[in-house]
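Colleague: What follows is a structure written as structure tokens; I'll ask about it next.
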Amino acid sequence: MLASALRYAAAGVPVLPLHTGVGDGGCSCRRPQCDRPGKHPRWHPRLITAGLHQASTDPAVLRRWWATWPGANVGLRTGVVVDVCDVDTADGLRLVQALVDREVPTVRTGSGGLHLYFAATGLPNRVRVLPGVDWRGVDGYVVAPPSTHASGERYRWILRGPAPLCPPVLRALVAPPPEPPPRPPTQIRHPSRYAAAALENEADRVRRAPVGTRNNTLYSATRRLGRLAAAGLLDERDVVDALTPAARLAGLGAYETARTIRSGLAGARTQLAS
């Protein structure tokens, strides 16, 4: 596992240690109801506390991590050197193949899906780019060979090579829709009531989001509420406290929920600052 991690890092791809699948759906974290078995980052108070955001290409850092967890799965941060098209269905694969005109480095995942590697596009994570197809880009990561899936199966390369540029048609599908132009400022008669209603409406929208749109719905809701927080109408803590349980009720995992909310709030702050 360490040798593989070092090879990825030598290619410039930031690496992070993940928990390991232990078969029958279990995870090395030993939590009875782990929602991402074999896929979530390891944690240690002195070694790694920020997961994805501490992914590293430093061999000394990787050696310390894998000396502590020799069997840790290998996670690769996307959006830096490579992006990954995550295909889970045969129909999804056919749709992607129709858009790709060359061979692409490909991994067979432990669940039987495919990861297709492209040069980093600068685009964010997206779910349901096509039916059965997700995209891992900026602020994302994937499990890499020879990691062990919760089923006990290994991730393995079935085609190696340099990651090509993403075809323009596929890139257009991945690119998020443009933000609507900002509305002219208006005078809000009761700011606190307006903010409270917005908080409840967005939380309800997240709770009701159908499968396949949940992550994007959570991100857009966080961006909207984040703009209110940046304007002083809400506290960011209130946004987190309202959207976290809503996202969990919708079926999103704890790690994915926290990561998406962080990203949405950061995006709102950046938008208002620009």
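Labeling convention for the structure tokens: chains A, B, ... as they appear, residues from 1 per chain, ligands from 1 in order of appearance.
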Which residues are near Pro17 (chain A)? Cut-off 10 Å, only C-alpha atoms, ignore same chain within fewer than 5 positions. Put them as a PDB file with N, CA and C atoms, in the first residue's frame.

Modeller:
ATOM      1  N   MET A   1       0.830  -1.197   0.000  1.00  0.00           N
ATOM      2  CA  MET A   1       0.000   0.000   0.000  1.00  0.00           C
ATOM      3  C   MET A   1       0.877   1.264   0.000  1.00  0.00           C
ATOM      4  N   LEU A   2       1.930   1.262   0.822  1.00  0.00           N
ATOM      5  CA  LEU A   2       2.828   2.411   0.846  1.00  0.00           C
ATOM      6  C   LEU A   2       3.498   2.604  -0.504  1.00  0.00           C
ATOM      7  N   ALA A   5       1.087   4.254  -2.785  1.00  0.00           N
ATOM      8  CA  ALA A   5       0.894   5.654  -2.402  1.00  0.00           C
ATOM      9  C   ALA A   5       2.066   6.508  -2.875  1.00  0.00           C
ATOM     10  N   LYS A  39     -13.899   3.932   2.746  1.00  0.00           N
ATOM     11  CA  LYS A  39     -13.766   5.085   1.857  1.00  0.00           C
ATOM     12  C   LYS A  39     -13.481   6.408   2.571  1.00  0.00           C
ATOM     13  N   HIS A  40     -13.615   6.457   3.886  1.00  0.00           N
ATOM     14  CA  HIS A  40     -13.450   7.758   4.538  1.00  0.00           C
ATOM     15  C   HIS A  40     -12.040   7.899   5.129  1.00  0.00           C
ATOM     16  N   PRO A  41     -11.542   9.145   5.254  1.00  0.00           N
ATOM     17  CA  PRO A  41     -10.155   9.362   5.670  1.00  0.00           C
ATOM     18  C   PRO A  41      -9.864   8.886   7.082  1.00  0.00           C
ATOM     19  N   ARG A  42      -8.633   8.453   7.273  1.00  0.00           N
ATOM     20  CA  ARG A  42      -8.129   8.156   8.619  1.00  0.00           C
ATOM     21  C   ARG A  42      -7.976   9.470   9.384  1.00  0.00           C
ATOM     22  N   TRP A  43      -7.922   9.337  10.728  1.00  0.00           N
ATOM     23  CA  TRP A  43      -7.779  10.510  11.589  1.00  0.00           C
ATOM     24  C   TRP A  43      -6.826  10.173  12.716  1.00  0.00           C
ATOM     25  N   ILE A  48      -3.036  13.369  11.131  1.00  0.00           N
ATOM     26  CA  ILE A  48      -3.945  13.860  10.090  1.00  0.00           C
ATOM     27  C   ILE A  48      -5.299  14.161  10.721  1.00  0.00           C
ATOM     28  N   GLY A  51      -8.274  15.358   6.875  1.00  0.00           N
ATOM     29  CA  GLY A  51      -8.630  14.463   5.782  1.00  0.00           C
ATOM     30  C   GLY A  51      -8.149  14.941   4.431  1.00  0.00           C
ATOM     31  N   LEU A  52      -9.091  15.091   3.505  1.00  0.00           N
ATOM     32  CA  LEU A  52      -8.805  15.488   2.129  1.00  0.00           C
ATOM     33  C   LEU A  52      -7.872  16.684   2.050  1.00  0.00           C
ATOM     34  N   GLN A  54      -5.502  17.571   3.846  1.00  0.00           N
ATOM     35  CA  GLN A  54      -4.111  17.297   4.178  1.00  0.00           C
ATOM     36  C   GLN A  54      -3.473  16.314   3.209  1.00  0.00           C
ATOM     37  N   ALA A  55      -4.173  15.949   2.150  1.00  0.00           N
ATOM     38  CA  ALA A  55      -3.594  15.046   1.158  1.00  0.00           C
ATOM     39  C   ALA A  55      -2.234  15.579   0.724  1.00  0.00           C
ATOM     40  N   SER A  56      -1.258  14.691   0.584  1.00  0.00           N
ATOM     41  CA  SER A  56       0.127  15.125   0.421  1.00  0.00           C
ATOM     42  C   SER A  56       0.853  14.338  -0.662  1.00  0.00           C
ATOM     43  N   LEU A  62       3.897  10.512   3.807  1.00  0.00           N
ATOM     44  CA  LEU A  62       3.224   9.256   3.468  1.00  0.00           C
ATOM     45  C   LEU A  62       3.811   8.098   4.258  1.00  0.00           C
ATOM     46  N   TRP A  65       2.350   8.119   7.713  1.00  0.00           N
ATOM     47  CA  TRP A  65       0.976   7.644   7.724  1.00  0.00           C
ATOM     48  C   TRP A  65       0.915   6.127   7.602  1.00  0.00           C
ATOM     49  N   TRP A  66       1.615   5.577   6.616  1.00  0.00           N
ATOM     50  CA  TRP A  66       1.495   4.126   6.400  1.00  0.00           C
ATOM     51  C   TRP A  66       2.296   3.311   7.404  1.00  0.00           C
ATOM     52  N   TRP A  69      -0.613   3.081   9.792  1.00  0.00           N
ATOM     53  CA  TRP A  69      -1.704   2.242   9.273  1.00  0.00           C
ATOM     54  C   TRP A  69      -1.201   1.497   8.024  1.00  0.00           C
ATOM     55  N   PRO A  70      -0.451   0.429   8.181  1.00  0.00           N
ATOM     56  CA  PRO A  70       0.150  -0.235   7.008  1.00  0.00           C
ATOM     57  C   PRO A  70      -0.874  -0.695   5.977  1.00  0.00           C
ATOM     58  N   GLY A  71      -2.085  -1.028   6.422  1.00  0.00           N
ATOM     59  CA  GLY A  71      -3.093  -1.518   5.493  1.00  0.00           C
ATOM     60  C   GLY A  71      -4.064  -0.465   5.020  1.00  0.00           C
ATOM     61  N   ALA A  72      -3.785   0.827   5.294  1.00  0.00           N
ATOM     62  CA  ALA A  72      -4.730   1.890   4.926  1.00  0.00           C
ATOM     63  C   ALA A  72      -4.991   1.894   3.429  1.00  0.00           C
ATOM     64  N   ASN A  73      -6.244   2.061   3.057  1.00  0.00           N
ATOM     65  CA  ASN A  73      -6.573   2.268   1.651  1.00  0.00           C
ATOM     66  C   ASN A  73      -5.943   3.575   1.163  1.00  0.00           C
ATOM     67  N   VAL A  74      -5.733   3.648  -0.146  1.00  0.00           N
ATOM     68  CA  VAL A  74      -5.099   4.815  -0.747  1.00  0.00           C
ATOM     69  C   VAL A  74      -6.174   5.701  -1.370  1.00  0.00           C
ATOM     70  N   GLY A  75      -6.262   6.943  -0.900  1.00  0.00           N
ATOM     71  CA  GLY A  75      -7.162   7.911  -1.497  1.00  0.00           C
ATOM     72  C   GLY A  75      -6.376   8.899  -2.333  1.00  0.00           C
ATOM     73  N   LEU A  76      -6.916   9.290  -3.470  1.00  0.00           N
ATOM     74  CA  LEU A  76      -6.279  10.275  -4.341  1.00  0.00           C
ATOM     75  C   LEU A  76      -7.145  11.523  -4.415  1.00  0.00           C
ATOM     76  N   VAL A 143     -11.030   6.387  -4.196  1.00  0.00           N
ATOM     77  CA  VAL A 143     -10.248   5.267  -3.680  1.00  0.00           C
ATOM     78  C   VAL A 143      -9.477   4.670  -4.856  1.00  0.00           C
TER      79      VAL A 143
END

Colleague: Residues of region 10-235 of chain A in strand (DSSP E or B) according to DSSP, as JSON, numbers by chain?

Modeller: {"A": [15, 16, 17, 18, 21, 27, 41, 44, 48, 56, 73, 74, 75, 76, 77, 78, 82, 83, 84, 85, 86, 87, 106, 107, 108, 114, 115, 116, 117, 118, 119, 124, 126, 127, 128, 129, 130, 133, 134, 135, 136, 138, 140, 141, 142, 143, 144, 148, 154, 156, 157, 158, 159]}

Colleague: Could you please take those selected residues and save N, CA and C atoms as a short mmCIF file (atom, residue, chain, number, x, y, z; two decimals), in the first residue's frame?

Modeller:
data_model
loop_
_atom_site.label_atom_id
_atom_site.label_comp_id
_atom_site.auth_asym_id
_atom_site.auth_seq_id
_atom_site.Cartn_x
_atom_site.Cartn_y
_atom_site.Cartn_z
N VAL A 15 -2.08 12.40 -1.99
CA VAL A 15 -2.55 11.12 -1.45
C VAL A 15 -3.01 11.31 -0.01
N LEU A 16 -4.02 10.55 0.39
CA LEU A 16 -4.45 10.55 1.79
C LEU A 16 -4.78 9.11 2.20
N PRO A 17 -4.56 8.76 3.47
CA PRO A 17 -4.87 7.41 3.95
C PRO A 17 -6.35 7.29 4.30
N LEU A 18 -6.95 6.20 3.86
CA LEU A 18 -8.36 5.95 4.11
C LEU A 18 -8.53 4.72 4.98
N GLY A 21 -11.87 -1.45 3.78
CA GLY A 21 -12.99 -2.38 3.82
C GLY A 21 -12.54 -3.72 4.38
N CYS A 27 -15.99 -1.98 7.95
CA CYS A 27 -14.97 -0.95 7.80
C CYS A 27 -14.00 -1.03 8.97
N PRO A 41 -11.54 9.15 5.25
CA PRO A 41 -10.15 9.36 5.67
C PRO A 41 -9.86 8.89 7.08
N HIS A 44 -5.98 11.14 13.05
CA HIS A 44 -5.06 10.98 14.18
C HIS A 44 -4.73 12.38 14.69
N ILE A 48 -3.04 13.37 11.13
CA ILE A 48 -3.95 13.86 10.09
C ILE A 48 -5.30 14.16 10.72
N SER A 56 -1.26 14.69 0.58
CA SER A 56 0.13 15.13 0.42
C SER A 56 0.85 14.34 -0.66
N ASN A 73 -6.24 2.06 3.06
CA ASN A 73 -6.57 2.27 1.65
C ASN A 73 -5.94 3.57 1.16
N VAL A 74 -5.73 3.65 -0.15
CA VAL A 74 -5.10 4.81 -0.75
C VAL A 74 -6.17 5.70 -1.37
N GLY A 75 -6.26 6.94 -0.90
CA GLY A 75 -7.16 7.91 -1.50
C GLY A 75 -6.38 8.90 -2.33
N LEU A 76 -6.92 9.29 -3.47
CA LEU A 76 -6.28 10.28 -4.34
C LEU A 76 -7.15 11.52 -4.42
N ARG A 77 -6.56 12.67 -4.13
CA ARG A 77 -7.30 13.92 -4.24
C ARG A 77 -7.48 14.28 -5.71
N THR A 78 -8.70 14.52 -6.11
CA THR A 78 -8.98 14.91 -7.49
C THR A 78 -8.99 16.43 -7.60
N VAL A 82 -5.59 15.04 -11.66
CA VAL A 82 -6.59 14.26 -12.38
C VAL A 82 -7.98 14.53 -11.83
N ASP A 83 -8.98 14.34 -12.68
CA ASP A 83 -10.38 14.22 -12.29
C ASP A 83 -10.80 12.79 -12.62
N VAL A 84 -11.88 12.33 -12.00
CA VAL A 84 -12.32 10.96 -12.22
C VAL A 84 -13.80 10.93 -12.54
N CYS A 85 -14.14 10.24 -13.62
CA CYS A 85 -15.51 9.97 -13.99
C CYS A 85 -15.90 8.64 -13.36
N ASP A 86 -16.84 8.66 -12.44
CA ASP A 86 -17.22 7.51 -11.63
C ASP A 86 -18.48 6.89 -12.22
N VAL A 87 -18.32 5.72 -12.83
CA VAL A 87 -19.41 5.08 -13.57
C VAL A 87 -19.87 3.83 -12.81
N THR A 106 -8.26 3.45 -16.68
CA THR A 106 -9.50 2.95 -16.09
C THR A 106 -9.21 2.02 -14.93
N VAL A 107 -9.97 2.18 -13.86
CA VAL A 107 -9.89 1.33 -12.68
C VAL A 107 -11.22 0.60 -12.50
N ARG A 108 -11.13 -0.70 -12.23
CA ARG A 108 -12.31 -1.46 -11.81
C ARG A 108 -12.43 -1.31 -10.30
N LEU A 114 -16.59 1.50 -12.54
CA LEU A 114 -15.37 1.94 -13.21
C LEU A 114 -15.04 3.37 -12.83
N HIS A 115 -13.74 3.65 -12.71
CA HIS A 115 -13.24 5.01 -12.57
C HIS A 115 -12.43 5.33 -13.81
N LEU A 116 -12.83 6.36 -14.56
CA LEU A 116 -12.12 6.80 -15.75
C LEU A 116 -11.37 8.08 -15.40
N TYR A 117 -10.05 8.08 -15.65
CA TYR A 117 -9.20 9.19 -15.24
C TYR A 117 -8.97 10.16 -16.40
N PHE A 118 -9.21 11.46 -16.11
CA PHE A 118 -8.95 12.53 -17.07
C PHE A 118 -8.04 13.57 -16.43
N ALA A 119 -7.37 14.36 -17.26
CA ALA A 119 -6.61 15.49 -16.73
C ALA A 119 -7.55 16.43 -15.99
N PRO A 124 -15.97 21.32 -10.36
CA PRO A 124 -16.26 20.73 -9.04
C PRO A 124 -16.84 19.33 -9.16
N ARG A 126 -19.69 16.64 -9.22
CA ARG A 126 -21.09 16.66 -9.65
C ARG A 126 -21.65 15.25 -9.55
N VAL A 127 -22.90 15.13 -9.11
CA VAL A 127 -23.57 13.84 -9.11
C VAL A 127 -24.53 13.78 -10.28
N ARG A 128 -24.72 12.58 -10.80
CA ARG A 128 -25.64 12.33 -11.92
C ARG A 128 -25.38 13.26 -13.10
N VAL A 129 -24.11 13.32 -13.48
CA VAL A 129 -23.78 14.00 -14.73
C VAL A 129 -24.55 13.34 -15.87
N LEU A 130 -24.62 12.01 -15.80
CA LEU A 130 -25.46 11.16 -16.64
C LEU A 130 -26.03 10.09 -15.72
N VAL A 133 -23.66 8.08 -13.42
CA VAL A 133 -22.32 8.66 -13.62
C VAL A 133 -22.16 9.89 -12.74
N ASP A 134 -21.12 9.88 -11.89
CA ASP A 134 -20.75 11.04 -11.07
C ASP A 134 -19.38 11.54 -11.52
N TRP A 135 -19.04 12.74 -11.07
CA TRP A 135 -17.75 13.34 -11.41
C TRP A 135 -17.03 13.76 -10.14
N ARG A 136 -15.77 13.38 -10.02
CA ARG A 136 -14.95 13.77 -8.88
C ARG A 136 -13.90 14.77 -9.37
N VAL A 138 -12.64 19.15 -8.24
CA VAL A 138 -12.10 19.97 -7.16
C VAL A 138 -12.79 19.63 -5.84
N GLY A 140 -12.63 16.84 -4.26
CA GLY A 140 -13.09 15.46 -4.23
C GLY A 140 -11.93 14.50 -4.08
N TYR A 141 -12.24 13.23 -3.93
CA TYR A 141 -11.20 12.21 -3.91
C TYR A 141 -11.82 10.88 -4.32
N VAL A 142 -10.95 9.95 -4.70
CA VAL A 142 -11.39 8.60 -5.05
C VAL A 142 -10.51 7.59 -4.34
N VAL A 143 -11.03 6.39 -4.20
CA VAL A 143 -10.25 5.27 -3.68
C VAL A 143 -9.48 4.67 -4.86
N ALA A 144 -8.19 4.41 -4.66
CA ALA A 144 -7.32 3.97 -5.75
C ALA A 144 -6.80 2.56 -5.50
N THR A 148 -8.85 -1.94 -0.71
CA THR A 148 -9.83 -3.00 -0.50
C THR A 148 -11.21 -2.41 -0.25
N ARG A 154 -10.69 -6.03 -4.37
CA ARG A 154 -9.68 -5.00 -4.55
C ARG A 154 -10.04 -4.07 -5.72
N ARG A 156 -8.61 -2.30 -8.92
CA ARG A 156 -7.47 -2.70 -9.76
C ARG A 156 -7.50 -1.94 -11.08
N TRP A 157 -6.30 -1.68 -11.59
CA TRP A 157 -6.17 -1.04 -12.89
C TRP A 157 -6.50 -2.04 -13.98
N ILE A 158 -7.32 -1.63 -14.94
CA ILE A 158 -7.54 -2.48 -16.12
C ILE A 158 -6.99 -1.80 -17.37
N LEU A 159 -6.64 -0.51 -17.27
CA LEU A 159 -5.97 0.17 -18.37
C LEU A 159 -5.20 1.34 -17.78
#

Colleague: Given only C-alpha atoms as the basis, pick out the residue of A:Asp35, A:Asp139, A:Gly92, A:Ala172 nearest to Arg248 (chain A).

Modeller: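 Nearest to Arg248 (chain A): A:Asp35.
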
Colleague: Could you please determine the separation between CA of Thr260 (chain A) and CA of His53 (chain A) in Å, to one decimal place?

Modeller: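 Between CA of Thr260 (chain A) and CA of His53 (chain A) the gap works out to 13.4 Å.
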
Colleague: Kindly give the distance, in Å, that separates CA of Ala254 (chain A) and CA of His149 (chain A), rounded to a single decimal.

Modeller: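 CA of His149 (chain A) lies 19.2 Å from CA of Ala254 (chain A).
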
Colleague: What does the structure give for the distance between CA of His19 (chain A) and CA of Ala258 (chain A), in Å to one decimal?

Modeller: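 Value for the CA of His19 (chain A)-CA of Ala258 (chain A) distance: 17.9 Å.
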
Colleague: Excluding Leu6 (chain A) and its own-chain neighbours fewer than 3 positions away, which residues fall within 10 Å of it when counting only C-alpha atoms? Please give them as a PDB file with all heavy atoms, in the first residue's frame.

Modeller:
ATOM      1  N   MET A   1       0.830  -1.197   0.000  1.00  0.00           N
ATOM      2  CA  MET A   1       0.000   0.000   0.000  1.00  0.00           C
ATOM      3  C   MET A   1       0.877   1.264   0.000  1.00  0.00           C
ATOM      4  O   MET A   1       0.609   2.222  -0.727  1.00  0.00           O
ATOM      5  CB  MET A   1      -0.942   0.000   1.204  1.00  0.00           C
ATOM      6  CG  MET A   1      -1.856  -1.215   1.294  1.00  0.00           C
ATOM      7  SD  MET A   1      -2.832  -1.519  -0.187  1.00  0.00           S
ATOM      8  CE  MET A   1      -3.970  -0.155  -0.112  1.00  0.00           C
ATOM      9  N   LEU A   2       1.930   1.262   0.822  1.00  0.00           N
ATOM     10  CA  LEU A   2       2.828   2.411   0.846  1.00  0.00           C
ATOM     11  C   LEU A   2       3.498   2.604  -0.504  1.00  0.00           C
ATOM     12  O   LEU A   2       3.598   3.736  -1.004  1.00  0.00           O
ATOM     13  CB  LEU A   2       3.889   2.238   1.934  1.00  0.00           C
ATOM     14  CG  LEU A   2       4.998   3.295   1.942  1.00  0.00           C
ATOM     15  CD1 LEU A   2       4.420   4.689   2.160  1.00  0.00           C
ATOM     16  CD2 LEU A   2       6.043   2.964   3.008  1.00  0.00           C
ATOM     17  N   ALA A   3       3.946   1.524  -1.121  1.00  0.00           N
ATOM     18  CA  ALA A   3       4.615   1.641  -2.425  1.00  0.00           C
ATOM     19  C   ALA A   3       3.668   2.265  -3.454  1.00  0.00           C
ATOM     20  O   ALA A   3       4.080   3.111  -4.257  1.00  0.00           O
ATOM     21  CB  ALA A   3       5.090   0.268  -2.899  1.00  0.00           C
ATOM     22  N   ALA A   9       2.055   9.685  -5.543  1.00  0.00           N
ATOM     23  CA  ALA A   9       2.601  10.978  -5.118  1.00  0.00           C
ATOM     24  C   ALA A   9       3.721  11.430  -6.054  1.00  0.00           C
ATOM     25  O   ALA A   9       3.842  12.629  -6.351  1.00  0.00           O
ATOM     26  CB  ALA A   9       3.106  10.880  -3.685  1.00  0.00           C
ATOM     27  N   ALA A  10       4.536  10.495  -6.515  1.00  0.00           N
ATOM     28  CA  ALA A  10       5.627  10.844  -7.429  1.00  0.00           C
ATOM     29  C   ALA A  10       5.094  11.406  -8.740  1.00  0.00           C
ATOM     30  O   ALA A  10       5.779  12.180  -9.419  1.00  0.00           O
ATOM     31  CB  ALA A  10       6.501   9.624  -7.692  1.00  0.00           C
ATOM     32  N   ALA A  11       3.861  11.034  -9.094  1.00  0.00           N
ATOM     33  CA  ALA A  11       3.228  11.576 -10.301  1.00  0.00           C
ATOM     34  C   ALA A  11       2.546  12.913 -10.028  1.00  0.00           C
ATOM     35  O   ALA A  11       1.903  13.471 -10.926  1.00  0.00           O
ATOM     36  CB  ALA A  11       2.216  10.571 -10.850  1.00  0.00           C
ATOM     37  N   GLY A  12       2.659  13.417  -8.784  1.00  0.00           N
ATOM     38  CA  GLY A  12       2.095  14.716  -8.446  1.00  0.00           C
ATOM     39  C   GLY A  12       0.691  14.682  -7.893  1.00  0.00           C
ATOM     40  O   GLY A  12       0.106  15.733  -7.638  1.00  0.00           O
ATOM     41  N   VAL A  13       0.132  13.473  -7.706  1.00  0.00           N
ATOM     42  CA  VAL A  13      -1.248  13.359  -7.227  1.00  0.00           C
ATOM     43  C   VAL A  13      -1.244  13.314  -5.696  1.00  0.00           C
ATOM     44  O   VAL A  13      -0.658  12.398  -5.108  1.00  0.00           O
ATOM     45  CB  VAL A  13      -1.933  12.099  -7.777  1.00  0.00           C
ATOM     46  CG1 VAL A  13      -3.383  12.035  -7.306  1.00  0.00           C
ATOM     47  CG2 VAL A  13      -1.861  12.074  -9.302  1.00  0.00           C
ATOM     48  N   PRO A  14      -1.873  14.259  -5.008  1.00  0.00           N
ATOM     49  CA  PRO A  14      -1.911  14.233  -3.549  1.00  0.00           C
ATOM     50  C   PRO A  14      -2.644  12.989  -3.032  1.00  0.00           C
ATOM     51  O   PRO A  14      -3.696  12.612  -3.548  1.00  0.00           O
ATOM     52  CB  PRO A  14      -2.665  15.511  -3.176  1.00  0.00           C
ATOM     53  CG  PRO A  14      -2.510  16.410  -4.375  1.00  0.00           C
ATOM     54  CD  PRO A  14      -2.516  15.481  -5.556  1.00  0.00           C
ATOM     55  N   VAL A  15      -2.079  12.402  -1.994  1.00  0.00           N
ATOM     56  CA  VAL A  15      -2.555  11.119  -1.454  1.00  0.00           C
ATOM     57  C   VAL A  15      -3.010  11.307  -0.012  1.00  0.00           C
ATOM     58  O   VAL A  15      -2.453  12.123   0.726  1.00  0.00           O
ATOM     59  CB  VAL A  15      -1.415  10.072  -1.514  1.00  0.00           C
ATOM     60  CG1 VAL A  15      -1.840   8.754  -0.892  1.00  0.00           C
ATOM     61  CG2 VAL A  15      -0.961   9.860  -2.958  1.00  0.00           C
ATOM     62  N   THR A  57       1.884  14.975  -1.225  1.00  0.00           N
ATOM     63  CA  THR A  57       2.801  14.272  -2.130  1.00  0.00           C
ATOM     64  C   THR A  57       4.173  14.105  -1.480  1.00  0.00           C
ATOM     65  O   THR A  57       5.112  13.637  -2.130  1.00  0.00           O
ATOM     66  CB  THR A  57       2.960  15.055  -3.449  1.00  0.00           C
ATOM     67  OG1 THR A  57       3.446  16.368  -3.156  1.00  0.00           O
ATOM     68  CG2 THR A  57       1.636  15.150  -4.197  1.00  0.00           C
ATOM     69  N   ASP A  58       4.292  14.460  -0.224  1.00  0.00           N
ATOM     70  CA  ASP A  58       5.574  14.387   0.490  1.00  0.00           C
ATOM     71  C   ASP A  58       5.836  12.947   0.930  1.00  0.00           C
ATOM     72  O   ASP A  58       5.098  12.402   1.759  1.00  0.00           O
ATOM     73  CB  ASP A  58       5.525  15.307   1.705  1.00  0.00           C
ATOM     74  CG  ASP A  58       6.856  15.396   2.443  1.00  0.00           C
ATOM     75  OD1 ASP A  58       7.686  14.475   2.314  1.00  0.00           O
ATOM     76  OD2 ASP A  58       7.058  16.392   3.169  1.00  0.00           O
ATOM     77  N   PRO A  59       6.904  12.306   0.400  1.00  0.00           N
ATOM     78  CA  PRO A  59       7.163  10.904   0.771  1.00  0.00           C
ATOM     79  C   PRO A  59       7.328  10.695   2.270  1.00  0.00           C
ATOM     80  O   PRO A  59       6.895   9.663   2.795  1.00  0.00           O
ATOM     81  CB  PRO A  59       8.464  10.574   0.018  1.00  0.00           C
ATOM     82  CG  PRO A  59       8.508  11.543  -1.115  1.00  0.00           C
ATOM     83  CD  PRO A  59       7.868  12.799  -0.595  1.00  0.00           C
ATOM     84  N   ALA A  60       7.934  11.649   2.966  1.00  0.00           N
ATOM     85  CA  ALA A  60       8.129  11.487   4.410  1.00  0.00           C
ATOM     86  C   ALA A  60       6.793  11.452   5.133  1.00  0.00           C
ATOM     87  O   ALA A  60       6.594  10.666   6.073  1.00  0.00           O
ATOM     88  CB  ALA A  60       9.007  12.614   4.951  1.00  0.00           C
ATOM     89  N   LEU A  62       3.897  10.512   3.807  1.00  0.00           N
ATOM     90  CA  LEU A  62       3.224   9.256   3.468  1.00  0.00           C
ATOM     91  C   LEU A  62       3.811   8.098   4.258  1.00  0.00           C
ATOM     92  O   LEU A  62       3.076   7.209   4.716  1.00  0.00           O
ATOM     93  CB  LEU A  62       3.346   8.978   1.965  1.00  0.00           C
ATOM     94  CG  LEU A  62       2.789  10.051   1.018  1.00  0.00           C
ATOM     95  CD1 LEU A  62       2.800   9.542  -0.420  1.00  0.00           C
ATOM     96  CD2 LEU A  62       1.391  10.479   1.412  1.00  0.00           C
ATOM     97  N   ARG A  63       5.119   8.087   4.419  1.00  0.00           N
ATOM     98  CA  ARG A  63       5.741   6.991   5.189  1.00  0.00           C
ATOM     99  C   ARG A  63       5.273   7.010   6.641  1.00  0.00           C
ATOM    100  O   ARG A  63       5.064   5.947   7.243  1.00  0.00           O
ATOM    101  CB  ARG A  63       7.262   7.087   5.096  1.00  0.00           C
ATOM    102  CG  ARG A  63       7.802   6.707   3.718  1.00  0.00           C
ATOM    103  CD  ARG A  63       9.319   6.561   3.731  1.00  0.00           C
ATOM    104  NE  ARG A  63       9.790   6.101   2.434  1.00  0.00           N
ATOM    105  CZ  ARG A  63      10.231   6.916   1.467  1.00  0.00           C
ATOM    106  NH1 ARG A  63      10.270   8.235   1.680  1.00  0.00           N
ATOM    107  NH2 ARG A  63      10.629   6.429   0.310  1.00  0.00           N
TER     108      ARG A  63
END

Colleague: Using DSSP on the backbone coordinates, identify all residues within region 81-157 of chain A classified as helix (DSSP H, G or I); present the result as a PyMOL selection string.

Modeller: chain A and resi 90-97

Colleague: With N, CA and C atoms retained, could you export that selection as a PDB file, in the first residue's frame?

Modeller:
ATOM      1  N   ALA A  90     -24.009  -0.084 -16.364  1.00  0.00           N
ATOM      2  CA  ALA A  90     -23.684  -0.382 -17.763  1.00  0.00           C
ATOM      3  C   ALA A  90     -24.233   0.698 -18.684  1.00  0.00           C
ATOM      4  N   ASP A  91     -25.426   1.200 -18.396  1.00  0.00           N
ATOM      5  CA  ASP A  91     -25.998   2.269 -19.218  1.00  0.00           C
ATOM      6  C   ASP A  91     -25.137   3.521 -19.128  1.00  0.00           C
ATOM      7  N   GLY A  92     -24.673   3.826 -17.923  1.00  0.00           N
ATOM      8  CA  GLY A  92     -23.805   4.990 -17.756  1.00  0.00           C
ATOM      9  C   GLY A  92     -22.517   4.848 -18.545  1.00  0.00           C
ATOM     10  N   LEU A  93     -21.950   3.634 -18.536  1.00  0.00           N
ATOM     11  CA  LEU A  93     -20.722   3.401 -19.279  1.00  0.00           C
ATOM     12  C   LEU A  93     -20.941   3.609 -20.773  1.00  0.00           C
ATOM     13  N   ARG A  94     -22.047   3.115 -21.294  1.00  0.00           N
ATOM     14  CA  ARG A  94     -22.326   3.292 -22.723  1.00  0.00           C
ATOM     15  C   ARG A  94     -22.450   4.771 -23.073  1.00  0.00           C
ATOM     16  N   LEU A  95     -23.093   5.538 -22.207  1.00  0.00           N
ATOM     17  CA  LEU A  95     -23.255   6.962 -22.475  1.00  0.00           C
ATOM     18  C   LEU A  95     -21.912   7.686 -22.462  1.00  0.00           C
ATOM     19  N   VAL A  96     -21.057   7.322 -21.496  1.00  0.00           N
ATOM     20  CA  VAL A  96     -19.740   7.960 -21.425  1.00  0.00           C
ATOM     21  C   VAL A  96     -18.888   7.561 -22.625  1.00  0.00           C
ATOM     22  N   GLN A  97     -18.902   6.269 -22.971  1.00  0.00           N
ATOM     23  CA  GLN A  97     -18.097   5.812 -24.101  1.00  0.00           C
ATOM     24  C   GLN A  97     -18.483   6.512 -25.396  1.00  0.00           C
TER      25      GLN A  97
END

Colleague: Using only C-alpha atoms, can you tell me which of A:Arg227, A:Arg7, A:Arg193, A:Arg262 comes closest to Val240 (chain A)?

Modeller: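 So, comparing all the options, the nearest one is A:Arg262.
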
Colleague: Restricting the calculation to only C-alpha atoms, which member of A:Asn125, A:Ser151, A:Ser4, A:Thr89 is positioned closest to Gly38 (chain A)?

Modeller: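 Under the stated criterion, the closest residue is A:Ser151.
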
Colleague: Which residue out of A:Ala242, A:Ala163, A:Arg223, A:Val104 has the minimum interatomic distance to Asn201 (chain A) when only C-alpha atoms are used?

Modeller: A:Ala242

Colleague: Which one is closest to Glu236 (chain A): A:Arg205, A:Gly253, A:Tyr219, A:Arg269? Count only C-alpha atoms.

Modeller: A:Arg269

Colleague: Name all residues at most 12 Å from Thr217 (chain A) (count only C-alpha atoms; drop same-chain ones fewer than 4 positions away) and give them as a PyMOL selection string.

Modeller: chain A and resi 126-127+202-213+221-224+243+246-247+250+252+257+260-261+264
